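Note sheet for the following structure.
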Amino acid sequence: MSLAFLAERQLAISAVRRAAFLTNSVFNKLVKNETLTKGDKSPVTVGDYAAQAVISSMIHKAFPGDPIVGEEDAKELRVDSGKEMRDRIVELANEAITRELGVGDVKEWGIGPGQELTPDELLDSIDRGNFEGGRSGRMWTIDPIDGTKGFLRGEQYAVCLSLIVDSKVQVGVIGCPNLPYDLSKPDGQVGCIFVAVRGQGAEQMNLEGSQPVPISIPSFSPSQLNFLESVEAAHSSHSTNDKISTLLAITRNPIRMDSQAKYGALARGDGGAYMRMPTGVGYREKIWDHAPGSLLVEEAGGVVSDSRGLPLDFGLGRTLGENFGVIATGKNWHTKVLSAVQQAVTPQAKV
């Protein structure tokens with residue numbers, strides 16, 4: 001019997017690999033030489049556009065009927081003032097698209113030598129990411145550079161892709177170009193890709209898409225447990241996490257890194273829990289920020305919920321709706337962490 005979503009899985013791995021090559025190229029060519037802000041013409045914006053163009057063009061070739069929920073649109077690139085950025089994006093995207101075929105690559109996806117796209121074709125690829133999402137049918141989510149500040153610092157960021165079918169994530173791939181393959185060996189091999197397909201487990205492979213190994217979340221003892229947190233306090237409340245650590249008597253320091261790399265680190269056991277608690281009123285989490293990571297953790301034997309204990313809902317459109325936070329842990333810790341979260345976030349909570 002053939003495995004479900006086999007073609008989608010391989011396409012996602014291939015697309016993330018090429019986009020990871022592209023984002024590394026952007027960092028090496030542009031970041032080191034330019035002002036490090038996310039202004040209109042900053043390197044990270046160029047990388048966002050170009051990576052989304054590459055991934056979207058490959059999805060369209062492989063599955064032309066599938067809509068895409070992407071972070072970027074090409075409106076600003078179609079006017080005369082966007083020519084300089086547009087030219088850079090076209091050059092970088094075609095450099096990635098025309099790379100030699102590698103493990104699992106298929107030329108019919110529009111990749112390999114001689115497969116350059118025109119500027120208009122690349123802008124159209126970016127604009128295919130304008131789907132509004134919804135409860136039914138197939139759709140892909142793209143986050144071309146998740147972890148902007150980590151990317152600019154040369155630290156952790158991720159290239160993230162997922163396939164959602166009838167509001168359930170079925171395929172998730174996260175490329176982490178700067179994450180050590182083994183966190184206990186920071187001077188060893190760097191860069192990995194995390195892959196999950198619903199019902200088929202989770203695995204980690206190298207950036208070439210080879211040497212896959214199964215990964216799972218271990219059963220941490222209380223003395224071993226620590227949290228994975230965002231570097232930026234603006235993204236998730238560090239003070240709330242500190243309260244929760246006290247309630248759970250956790251003594252180990254948190255591991256802080258940007259992006260959905262935290263989901264990958266959790267899935268392979270680098271830390272025991274990842275929480276993203278709201279820092280204020282009004283912000284709504286985007287589905288592309290959590291779709292691949294949530295599936296990865298679940299397939300590695302974990303549980304992902306909001307602070308009410310409910311599953312994340314990927315059928316509400318481009319966001320997860322009202323923000324109740326995100327809690328991801330191994331199965332043996334989820335109930336305990338959830339209870340501590342609920343205690344810590346009540347208005348009268350004092351720890």
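Order determines the names: the first chain of the structure tokens is A, the second B, and so forth; residues in each chain are numbered 1 upward, and ligands are numbered 1 upward as they are shown.
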
Within 10 Å of Ile142 of chain A using only C-alpha atoms, minus same-chain residues under 6 positions, as a PyMOL selection string
chain A and resi 16+51-52+55-56+68-72+129+159-163+287-289+291-292

Would you put the residues from that selection into a file with N, CA and C atoms, as a PDB file, in the first residue's frame?
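Writing done, so here's result-v1.pdb:
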```
ATOM      1  N   VAL A  16      11.665  23.399   0.054  1.00  0.00           N
ATOM      2  CA  VAL A  16      12.311  23.989   1.231  1.00  0.00           C
ATOM      3  C   VAL A  16      13.831  23.968   1.066  1.00  0.00           C
ATOM      4  N   ALA A  51      12.238  33.675  -1.910  1.00  0.00           N
ATOM      5  CA  ALA A  51      11.970  32.316  -1.433  1.00  0.00           C
ATOM      6  C   ALA A  51      10.519  31.927  -1.680  1.00  0.00           C
ATOM      7  N   GLN A  52       9.584  32.870  -1.442  1.00  0.00           N
ATOM      8  CA  GLN A  52       8.182  32.557  -1.712  1.00  0.00           C
ATOM      9  C   GLN A  52       7.964  32.307  -3.199  1.00  0.00           C
ATOM     10  N   ILE A  55       9.230  28.653  -3.952  1.00  0.00           N
ATOM     11  CA  ILE A  55       8.360  27.607  -3.413  1.00  0.00           C
ATOM     12  C   ILE A  55       7.021  27.592  -4.142  1.00  0.00           C
ATOM     13  N   SER A  56       6.447  28.778  -4.347  1.00  0.00           N
ATOM     14  CA  SER A  56       5.144  28.864  -4.996  1.00  0.00           C
ATOM     15  C   SER A  56       5.196  28.352  -6.430  1.00  0.00           C
ATOM     16  N   ILE A  68      -2.618  28.745  -2.286  1.00  0.00           N
ATOM     17  CA  ILE A  68      -1.479  28.971  -1.395  1.00  0.00           C
ATOM     18  C   ILE A  68      -1.773  30.147  -0.480  1.00  0.00           C
ATOM     19  N   VAL A  69      -1.492  29.966   0.796  1.00  0.00           N
ATOM     20  CA  VAL A  69      -1.550  31.053   1.772  1.00  0.00           C
ATOM     21  C   VAL A  69      -0.107  31.466   2.052  1.00  0.00           C
ATOM     22  N   GLY A  70       0.306  32.603   1.519  1.00  0.00           N
ATOM     23  CA  GLY A  70       1.679  33.072   1.680  1.00  0.00           C
ATOM     24  C   GLY A  70       1.736  34.379   2.437  1.00  0.00           C
ATOM     25  N   GLU A  71       2.935  34.731   2.874  1.00  0.00           N
ATOM     26  CA  GLU A  71       3.102  35.939   3.680  1.00  0.00           C
ATOM     27  C   GLU A  71       3.202  37.192   2.827  1.00  0.00           C
ATOM     28  N   GLU A  72       3.685  37.056   1.593  1.00  0.00           N
ATOM     29  CA  GLU A  72       4.004  38.226   0.775  1.00  0.00           C
ATOM     30  C   GLU A  72       3.081  38.358  -0.432  1.00  0.00           C
ATOM     31  N   GLY A 129       0.162  33.491  -3.429  1.00  0.00           N
ATOM     32  CA  GLY A 129       0.029  33.314  -1.991  1.00  0.00           C
ATOM     33  C   GLY A 129      -1.080  34.123  -1.365  1.00  0.00           C
ATOM     34  N   VAL A 159      12.674  28.089   7.101  1.00  0.00           N
ATOM     35  CA  VAL A 159      11.865  28.111   5.888  1.00  0.00           C
ATOM     36  C   VAL A 159      10.770  27.071   6.091  1.00  0.00           C
ATOM     37  N   CYS A 160       9.498  27.504   6.076  1.00  0.00           N
ATOM     38  CA  CYS A 160       8.406  26.652   6.548  1.00  0.00           C
ATOM     39  C   CYS A 160       7.338  26.461   5.473  1.00  0.00           C
ATOM     40  N   LEU A 161       6.916  25.213   5.325  1.00  0.00           N
ATOM     41  CA  LEU A 161       5.921  24.870   4.309  1.00  0.00           C
ATOM     42  C   LEU A 161       4.999  23.793   4.858  1.00  0.00           C
ATOM     43  N   SER A 162       3.706  23.953   4.619  1.00  0.00           N
ATOM     44  CA  SER A 162       2.774  22.920   5.056  1.00  0.00           C
ATOM     45  C   SER A 162       1.672  22.739   4.031  1.00  0.00           C
ATOM     46  N   LEU A 163       1.073  21.554   4.063  1.00  0.00           N
ATOM     47  CA  LEU A 163      -0.139  21.269   3.298  1.00  0.00           C
ATOM     48  C   LEU A 163      -1.260  21.011   4.286  1.00  0.00           C
ATOM     49  N   ILE A 287      -1.480  31.389  10.451  1.00  0.00           N
ATOM     50  CA  ILE A 287      -1.459  29.930  10.356  1.00  0.00           C
ATOM     51  C   ILE A 287      -0.107  29.416   9.866  1.00  0.00           C
ATOM     52  N   TRP A 288       0.590  30.193   9.034  1.00  0.00           N
ATOM     53  CA  TRP A 288       1.876  29.719   8.525  1.00  0.00           C
ATOM     54  C   TRP A 288       2.960  29.689   9.608  1.00  0.00           C
ATOM     55  N   ASP A 289       2.723  30.376  10.725  1.00  0.00           N
ATOM     56  CA  ASP A 289       3.702  30.371  11.813  1.00  0.00           C
ATOM     57  C   ASP A 289       3.628  29.117  12.675  1.00  0.00           C
ATOM     58  N   ALA A 291       1.523  25.926  11.465  1.00  0.00           N
ATOM     59  CA  ALA A 291       1.008  24.716  10.821  1.00  0.00           C
ATOM     60  C   ALA A 291       2.055  23.603  10.710  1.00  0.00           C
ATOM     61  N   PRO A 292       3.214  23.849  10.083  1.00  0.00           N
ATOM     62  CA  PRO A 292       4.165  22.731   9.979  1.00  0.00           C
ATOM     63  C   PRO A 292       4.722  22.300  11.324  1.00  0.00           C
TER      64      PRO A 292
END
```

Close residues, Asp313 of chain A itself excluded, 9 Å, only C-alpha atoms, min 4 positions apart in chain, as a PyMOL selection string
chain A and resi 167-168+287+319-321

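The protein and nucleic acid residues lying at most 10 Å from Leu123 of chain A are Tyr49, Ala50, Gln52, Ala53, Ser57, Asp73, Ala74, Lys75, Leu77, Arg78, Arg86, Ile89, Val90, Leu117, Thr118 and Arg128 of chain A, with only C-alpha atoms considered and sequence neighbours fewer than 5 positions away removed.
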
Considering only C-alpha atoms, return as number ranges by chain whatever protein or nucleic-acid residues lie within 12 Å of Val26 of chain A, sequence-local ones (same chain, fewer than 4 positions apart) excluded.
A: 19-22, 30-34, 42-51, 88-89, 91-93, 95-96, 145, 151-152, 154

Write a file of the just-selected residues containing N, CA and C atoms, as a PDB file, in the first residue's frame.
```pdb
ATOM      1  N   ALA A  19      14.758  26.814  -1.253  1.00  0.00           N
ATOM      2  CA  ALA A  19      14.561  28.098  -0.591  1.00  0.00           C
ATOM      3  C   ALA A  19      15.613  28.320   0.491  1.00  0.00           C
ATOM      4  N   ALA A  20      16.024  27.267   1.173  1.00  0.00           N
ATOM      5  CA  ALA A  20      17.080  27.401   2.184  1.00  0.00           C
ATOM      6  C   ALA A  20      18.407  27.780   1.536  1.00  0.00           C
ATOM      7  N   PHE A  21      18.699  27.210   0.380  1.00  0.00           N
ATOM      8  CA  PHE A  21      19.895  27.609  -0.370  1.00  0.00           C
ATOM      9  C   PHE A  21      19.815  29.089  -0.720  1.00  0.00           C
ATOM     10  N   LEU A  22      18.643  29.519  -1.157  1.00  0.00           N
ATOM     11  CA  LEU A  22      18.451  30.914  -1.536  1.00  0.00           C
ATOM     12  C   LEU A  22      18.650  31.850  -0.342  1.00  0.00           C
ATOM     13  N   LEU A  30      24.097  39.721   0.803  1.00  0.00           N
ATOM     14  CA  LEU A  30      23.461  41.005   1.073  1.00  0.00           C
ATOM     15  C   LEU A  30      23.500  41.429   2.530  1.00  0.00           C
ATOM     16  N   VAL A  31      23.208  40.519   3.444  1.00  0.00           N
ATOM     17  CA  VAL A  31      23.068  40.920   4.847  1.00  0.00           C
ATOM     18  C   VAL A  31      24.358  41.510   5.388  1.00  0.00           C
ATOM     19  N   LYS A  32      25.470  40.918   5.045  1.00  0.00           N
ATOM     20  CA  LYS A  32      26.749  41.363   5.586  1.00  0.00           C
ATOM     21  C   LYS A  32      27.156  42.739   5.070  1.00  0.00           C
ATOM     22  N   ASN A  33      26.448  43.216   4.055  1.00  0.00           N
ATOM     23  CA  ASN A  33      26.857  44.465   3.419  1.00  0.00           C
ATOM     24  C   ASN A  33      25.830  45.583   3.510  1.00  0.00           C
ATOM     25  N   GLU A  34      24.698  45.337   4.208  1.00  0.00           N
ATOM     26  CA  GLU A  34      23.637  46.332   4.182  1.00  0.00           C
ATOM     27  C   GLU A  34      23.099  46.619   5.577  1.00  0.00           C
ATOM     28  N   SER A  42      15.353  46.050   2.414  1.00  0.00           N
ATOM     29  CA  SER A  42      16.327  45.306   3.211  1.00  0.00           C
ATOM     30  C   SER A  42      16.521  43.903   2.657  1.00  0.00           C
ATOM     31  N   PRO A  43      17.637  43.285   2.996  1.00  0.00           N
ATOM     32  CA  PRO A  43      17.907  41.930   2.506  1.00  0.00           C
ATOM     33  C   PRO A  43      16.838  40.922   2.897  1.00  0.00           C
ATOM     34  N   VAL A  44      16.287  41.039   4.097  1.00  0.00           N
ATOM     35  CA  VAL A  44      15.299  40.037   4.503  1.00  0.00           C
ATOM     36  C   VAL A  44      14.039  40.137   3.654  1.00  0.00           C
ATOM     37  N   THR A  45      13.681  41.324   3.225  1.00  0.00           N
ATOM     38  CA  THR A  45      12.512  41.474   2.355  1.00  0.00           C
ATOM     39  C   THR A  45      12.779  40.835   0.999  1.00  0.00           C
ATOM     40  N   VAL A  46      13.974  41.055   0.472  1.00  0.00           N
ATOM     41  CA  VAL A  46      14.361  40.413  -0.782  1.00  0.00           C
ATOM     42  C   VAL A  46      14.293  38.898  -0.633  1.00  0.00           C
ATOM     43  N   GLY A  47      14.830  38.390   0.471  1.00  0.00           N
ATOM     44  CA  GLY A  47      14.803  36.950   0.709  1.00  0.00           C
ATOM     45  C   GLY A  47      13.397  36.405   0.838  1.00  0.00           C
ATOM     46  N   ASP A  48      12.527  37.120   1.551  1.00  0.00           N
ATOM     47  CA  ASP A  48      11.132  36.706   1.689  1.00  0.00           C
ATOM     48  C   ASP A  48      10.464  36.543   0.324  1.00  0.00           C
ATOM     49  N   TYR A  49      10.568  37.578  -0.488  1.00  0.00           N
ATOM     50  CA  TYR A  49       9.936  37.550  -1.803  1.00  0.00           C
ATOM     51  C   TYR A  49      10.508  36.422  -2.671  1.00  0.00           C
ATOM     52  N   ALA A  50      11.826  36.349  -2.740  1.00  0.00           N
ATOM     53  CA  ALA A  50      12.460  35.383  -3.644  1.00  0.00           C
ATOM     54  C   ALA A  50      12.172  33.947  -3.215  1.00  0.00           C
ATOM     55  N   ALA A  51      12.238  33.675  -1.910  1.00  0.00           N
ATOM     56  CA  ALA A  51      11.970  32.316  -1.433  1.00  0.00           C
ATOM     57  C   ALA A  51      10.519  31.927  -1.680  1.00  0.00           C
ATOM     58  N   ARG A  88      16.781  42.155  -8.136  1.00  0.00           N
ATOM     59  CA  ARG A  88      17.501  41.294  -7.195  1.00  0.00           C
ATOM     60  C   ARG A  88      16.736  39.990  -6.954  1.00  0.00           C
ATOM     61  N   ILE A  89      15.434  40.136  -6.778  1.00  0.00           N
ATOM     62  CA  ILE A  89      14.597  38.961  -6.497  1.00  0.00           C
ATOM     63  C   ILE A  89      14.633  37.991  -7.666  1.00  0.00           C
ATOM     64  N   GLU A  91      16.981  37.624  -9.906  1.00  0.00           N
ATOM     65  CA  GLU A  91      18.305  36.986  -9.974  1.00  0.00           C
ATOM     66  C   GLU A  91      18.442  35.878  -8.929  1.00  0.00           C
ATOM     67  N   LEU A  92      18.068  36.172  -7.687  1.00  0.00           N
ATOM     68  CA  LEU A  92      18.218  35.190  -6.608  1.00  0.00           C
ATOM     69  C   LEU A  92      17.293  33.994  -6.795  1.00  0.00           C
ATOM     70  N   ALA A  93      16.051  34.261  -7.194  1.00  0.00           N
ATOM     71  CA  ALA A  93      15.100  33.168  -7.383  1.00  0.00           C
ATOM     72  C   ALA A  93      15.552  32.239  -8.500  1.00  0.00           C
ATOM     73  N   GLU A  95      18.564  31.802  -9.566  1.00  0.00           N
ATOM     74  CA  GLU A  95      19.761  31.082  -9.122  1.00  0.00           C
ATOM     75  C   GLU A  95      19.370  29.812  -8.371  1.00  0.00           C
ATOM     76  N   ALA A  96      18.341  29.914  -7.527  1.00  0.00           N
ATOM     77  CA  ALA A  96      17.883  28.745  -6.773  1.00  0.00           C
ATOM     78  C   ALA A  96      17.134  27.764  -7.669  1.00  0.00           C
ATOM     79  N   ILE A 145      10.787  33.184   5.283  1.00  0.00           N
ATOM     80  CA  ILE A 145      11.825  33.398   6.294  1.00  0.00           C
ATOM     81  C   ILE A 145      11.119  33.656   7.616  1.00  0.00           C
ATOM     82  N   PHE A 151      17.492  35.584  11.456  1.00  0.00           N
ATOM     83  CA  PHE A 151      18.128  35.552  10.143  1.00  0.00           C
ATOM     84  C   PHE A 151      19.159  36.664  10.013  1.00  0.00           C
ATOM     85  N   LEU A 152      18.780  37.876  10.414  1.00  0.00           N
ATOM     86  CA  LEU A 152      19.690  39.008  10.265  1.00  0.00           C
ATOM     87  C   LEU A 152      20.909  38.896  11.180  1.00  0.00           C
ATOM     88  N   GLY A 154      22.352  36.098  11.808  1.00  0.00           N
ATOM     89  CA  GLY A 154      23.077  34.894  11.441  1.00  0.00           C
ATOM     90  C   GLY A 154      22.816  33.754  12.409  1.00  0.00           C
TER      91      GLY A 154
END
```

Write out as a list of chain:residue names the residues lying within 12 Å of Asn206 of chain A, counting only C-alpha atoms and excluding same-chain residues fewer than 4 positions away.
A:Ile13, A:Val16, A:Arg17, A:Ala20, A:Val103, A:Ile174, A:Gly175, A:Cys176, A:Pro177, A:Asn178, A:Leu179, A:Pro180, A:Tyr181, A:Asp182, A:Gln189, A:Val190, A:Gly191, A:Cys192, A:Ile193, A:Phe194, A:Val195, A:Ser210, A:Gln211, A:Pro212, A:Val213

Dump as a PDB file, in the first residue's frame, selection limited to C-alpha atoms:
```pdb
ATOM      1  CA  ILE A  13      11.281  18.819   0.968  1.00  0.00           C
ATOM      2  CA  VAL A  16      12.311  23.989   1.231  1.00  0.00           C
ATOM      3  CA  ARG A  17      15.815  22.841   0.274  1.00  0.00           C
ATOM      4  CA  ALA A  20      17.080  27.401   2.184  1.00  0.00           C
ATOM      5  CA  VAL A 103      18.026  14.026  -4.059  1.00  0.00           C
ATOM      6  CA  ILE A 174      10.735  23.075   8.245  1.00  0.00           C
ATOM      7  CA  GLY A 175      14.211  23.920   6.965  1.00  0.00           C
ATOM      8  CA  CYS A 176      16.660  25.293   9.555  1.00  0.00           C
ATOM      9  CA  PRO A 177      19.876  26.262   7.743  1.00  0.00           C
ATOM     10  CA  ASN A 178      21.707  27.456  10.891  1.00  0.00           C
ATOM     11  CA  LEU A 179      20.513  24.880  13.431  1.00  0.00           C
ATOM     12  CA  PRO A 180      23.146  22.338  14.515  1.00  0.00           C
ATOM     13  CA  TYR A 181      22.203  18.856  13.357  1.00  0.00           C
ATOM     14  CA  ASP A 182      22.922  17.804  16.926  1.00  0.00           C
ATOM     15  CA  GLN A 189      27.279  19.622  11.133  1.00  0.00           C
ATOM     16  CA  VAL A 190      24.991  22.639  10.745  1.00  0.00           C
ATOM     17  CA  GLY A 191      21.649  22.733   8.995  1.00  0.00           C
ATOM     18  CA  CYS A 192      18.728  20.323   8.991  1.00  0.00           C
ATOM     19  CA  ILE A 193      15.257  19.739   7.621  1.00  0.00           C
ATOM     20  CA  PHE A 194      12.382  18.461   9.749  1.00  0.00           C
ATOM     21  CA  VAL A 195       9.632  16.493   8.020  1.00  0.00           C
ATOM     22  CA  SER A 210      19.304  12.741   2.673  1.00  0.00           C
ATOM     23  CA  GLN A 211      20.158  10.649   5.758  1.00  0.00           C
ATOM     24  CA  PRO A 212      16.668  10.789   7.328  1.00  0.00           C
ATOM     25  CA  VAL A 213      16.409   9.655  10.939  1.00  0.00           C
TER      26      VAL A 213
END
```

9 Å contact set for Gly330 of chain A, only C-alpha atoms, chain neighbours under 4 positions out, as a PDB file with N, CA and C atoms, in the first residue's frame:
```pdb
ATOM      1  N   ILE A 217       9.914  12.882  20.930  1.00  0.00           N
ATOM      2  CA  ILE A 217      10.101  13.637  22.156  1.00  0.00           C
ATOM      3  C   ILE A 217      10.300  12.668  23.314  1.00  0.00           C
ATOM      4  N   PRO A 218      11.403  12.766  24.042  1.00  0.00           N
ATOM      5  CA  PRO A 218      11.626  11.856  25.173  1.00  0.00           C
ATOM      6  C   PRO A 218      10.744  12.211  26.364  1.00  0.00           C
ATOM      7  N   SER A 219      10.681  11.310  27.320  1.00  0.00           N
ATOM      8  CA  SER A 219       9.938  11.567  28.570  1.00  0.00           C
ATOM      9  C   SER A 219      10.883  12.235  29.561  1.00  0.00           C
ATOM     10  N   PHE A 220      10.762  13.543  29.699  1.00  0.00           N
ATOM     11  CA  PHE A 220      11.649  14.296  30.575  1.00  0.00           C
ATOM     12  C   PHE A 220      11.238  14.116  32.037  1.00  0.00           C
ATOM     13  N   LEU A 266      12.091  20.942  19.809  1.00  0.00           N
ATOM     14  CA  LEU A 266      11.226  20.204  20.724  1.00  0.00           C
ATOM     15  C   LEU A 266      10.998  18.781  20.228  1.00  0.00           C
ATOM     16  N   ALA A 267      10.739  18.636  18.941  1.00  0.00           N
ATOM     17  CA  ALA A 267      10.417  17.323  18.385  1.00  0.00           C
ATOM     18  C   ALA A 267      11.565  16.334  18.527  1.00  0.00           C
ATOM     19  N   GLY A 272      11.893  20.583  26.549  1.00  0.00           N
ATOM     20  CA  GLY A 272      10.726  19.795  26.895  1.00  0.00           C
ATOM     21  C   GLY A 272       9.391  20.450  26.619  1.00  0.00           C
ATOM     22  N   ALA A 273       9.382  21.762  26.394  1.00  0.00           N
ATOM     23  CA  ALA A 273       8.112  22.445  26.157  1.00  0.00           C
ATOM     24  C   ALA A 273       8.367  23.762  25.440  1.00  0.00           C
ATOM     25  N   VAL A 297       5.510  18.303  15.914  1.00  0.00           N
ATOM     26  CA  VAL A 297       5.491  17.927  17.325  1.00  0.00           C
ATOM     27  C   VAL A 297       4.514  16.787  17.579  1.00  0.00           C
ATOM     28  N   GLU A 298       3.326  16.857  16.976  1.00  0.00           N
ATOM     29  CA  GLU A 298       2.351  15.786  17.170  1.00  0.00           C
ATOM     30  C   GLU A 298       2.877  14.452  16.646  1.00  0.00           C
ATOM     31  N   ALA A 300       5.898  13.598  16.434  1.00  0.00           N
ATOM     32  CA  ALA A 300       7.027  13.177  17.282  1.00  0.00           C
ATOM     33  C   ALA A 300       6.543  12.697  18.656  1.00  0.00           C
ATOM     34  N   GLY A 301       5.221  12.618  18.827  1.00  0.00           N
ATOM     35  CA  GLY A 301       4.670  12.094  20.070  1.00  0.00           C
ATOM     36  C   GLY A 301       4.251  13.157  21.056  1.00  0.00           C
ATOM     37  N   GLY A 302       4.108  14.403  20.607  1.00  0.00           N
ATOM     38  CA  GLY A 302       3.751  15.490  21.500  1.00  0.00           C
ATOM     39  C   GLY A 302       2.314  15.927  21.339  1.00  0.00           C
ATOM     40  N   VAL A 303       1.960  16.971  22.078  1.00  0.00           N
ATOM     41  CA  VAL A 303       0.623  17.547  22.040  1.00  0.00           C
ATOM     42  C   VAL A 303       0.766  19.053  21.852  1.00  0.00           C
ATOM     43  N   VAL A 304      -0.055  19.624  20.990  1.00  0.00           N
ATOM     44  CA  VAL A 304      -0.064  21.067  20.757  1.00  0.00           C
ATOM     45  C   VAL A 304      -1.492  21.564  20.974  1.00  0.00           C
ATOM     46  N   HIS A 334       2.004  17.588  29.054  1.00  0.00           N
ATOM     47  CA  HIS A 334       1.067  18.594  28.561  1.00  0.00           C
ATOM     48  C   HIS A 334       0.029  18.996  29.605  1.00  0.00           C
TER      49      HIS A 334
END
```

As an MDAnalysis selection string, which residues of segment 28-239 of chain A does DSSP assign to helix (DSSP H, G or I)?
chainID A and resid 28:29 31:33 43:62 75:77 80:97 107:109 119:127 148:153 238:239

Expected file contents, prior selection, C-alpha atoms, as a compact mmCIF listing (two decimals), in the first residue's frame:
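Dumped everything to again_4.txt:
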```txt
# COMPACT_ATOMS: atom_id res chain seq x y z
CA ASN A 28 26.09 35.84 2.45
CA LYS A 29 25.64 38.29 -0.44
CA VAL A 31 23.07 40.92 4.85
CA LYS A 32 26.75 41.36 5.59
CA ASN A 33 26.86 44.47 3.42
CA PRO A 43 17.91 41.93 2.51
CA VAL A 44 15.30 40.04 4.50
CA THR A 45 12.51 41.47 2.35
CA VAL A 46 14.36 40.41 -0.78
CA GLY A 47 14.80 36.95 0.71
CA ASP A 48 11.13 36.71 1.69
CA TYR A 49 9.94 37.55 -1.80
CA ALA A 50 12.46 35.38 -3.64
CA ALA A 51 11.97 32.32 -1.43
CA GLN A 52 8.18 32.56 -1.71
CA ALA A 53 8.51 32.85 -5.49
CA VAL A 54 10.61 29.68 -5.68
CA ILE A 55 8.36 27.61 -3.41
CA SER A 56 5.14 28.86 -5.00
CA SER A 57 6.37 28.21 -8.54
CA MET A 58 7.24 24.61 -7.64
CA ILE A 59 3.86 24.00 -5.96
CA HIS A 60 2.07 25.44 -9.01
CA LYS A 61 3.98 23.14 -11.36
CA ALA A 62 3.37 20.03 -9.21
CA LYS A 75 2.18 44.71 -5.47
CA GLU A 76 5.16 46.90 -4.57
CA LEU A 77 7.38 45.04 -7.01
CA ASP A 80 8.71 51.49 -11.26
CA SER A 81 10.02 52.26 -7.78
CA GLY A 82 10.31 48.52 -7.11
CA LYS A 83 12.60 47.80 -10.07
CA GLU A 84 15.86 47.55 -8.09
CA MET A 85 14.38 45.10 -5.60
CA ARG A 86 12.56 43.22 -8.36
CA ASP A 87 15.79 42.69 -10.29
CA ARG A 88 17.50 41.29 -7.19
CA ILE A 89 14.60 38.96 -6.50
CA VAL A 90 14.56 37.65 -10.06
CA GLU A 91 18.30 36.99 -9.97
CA LEU A 92 18.22 35.19 -6.61
CA ALA A 93 15.10 33.17 -7.38
CA ASN A 94 16.43 31.96 -10.72
CA GLU A 95 19.76 31.08 -9.12
CA ALA A 96 17.88 28.74 -6.77
CA ILE A 97 15.48 27.42 -9.41
CA LYS A 107 12.49 18.50 -13.34
CA GLU A 108 8.76 18.65 -14.08
CA TRP A 109 8.49 20.87 -10.98
CA PRO A 119 10.12 38.48 -13.96
CA ASP A 120 6.37 38.37 -14.60
CA GLU A 121 6.24 34.63 -13.93
CA LEU A 122 8.06 35.10 -10.63
CA LEU A 123 5.80 37.98 -9.56
CA ASP A 124 2.77 35.87 -10.42
CA SER A 125 4.22 33.08 -8.28
CA ILE A 126 4.51 35.43 -5.32
CA ASP A 127 0.93 36.63 -5.80
CA THR A 148 13.51 37.77 10.72
CA LYS A 149 15.81 38.96 13.48
CA GLY A 150 17.45 35.58 13.87
CA PHE A 151 18.13 35.55 10.14
CA LEU A 152 19.69 39.01 10.27
CA ARG A 153 21.88 38.01 13.22
CA HIS A 238 8.96 35.76 29.00
CA SER A 239 7.50 36.91 32.32
```

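A straight line drawn from atom CA of Leu338 of chain A to atom CA of Ser245 of chain A is 11.9 Å long.
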
To test your reading of the structure, identify every residue in segment 87-294 of chain A that backbone DSSP assigns to strand (DSSP E or B), and report it as a ChimeraX atom specification.
/A:130,138-146,158-165,168-180,190-197,202-205,213-215,227-229,255-256,273-276,286

Leu295 of chain A proximity check over A:Leu310, A:Val173, A:Leu207, A:Ala12, using only C-alpha atoms: winner is A:Val173

Would you mind reading off the distance between atom CA of Met277 of chain A and atom CA of Pro186 of chain A, one decimal, in Å?
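Spanning atom CA of Met277 of chain A to atom CA of Pro186 of chain A is a straight-line distance of 28.4 Å.
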
Could you jot down the atom CA of Leu183 of chain A to atom CA of Pro254 of chain A separation for me, Å, one decimal place?
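These atoms are spaced 14.0 Å apart.
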
For Gly112 of chain A, which of A:Arg135, A:Arg18, A:Lys262, A:Arg198 is the closest residue, counting only C-alpha atoms?
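Comparing A:Arg135, A:Arg18, A:Lys262, A:Arg198 against Gly112 of chain A, the winner is A:Arg18.
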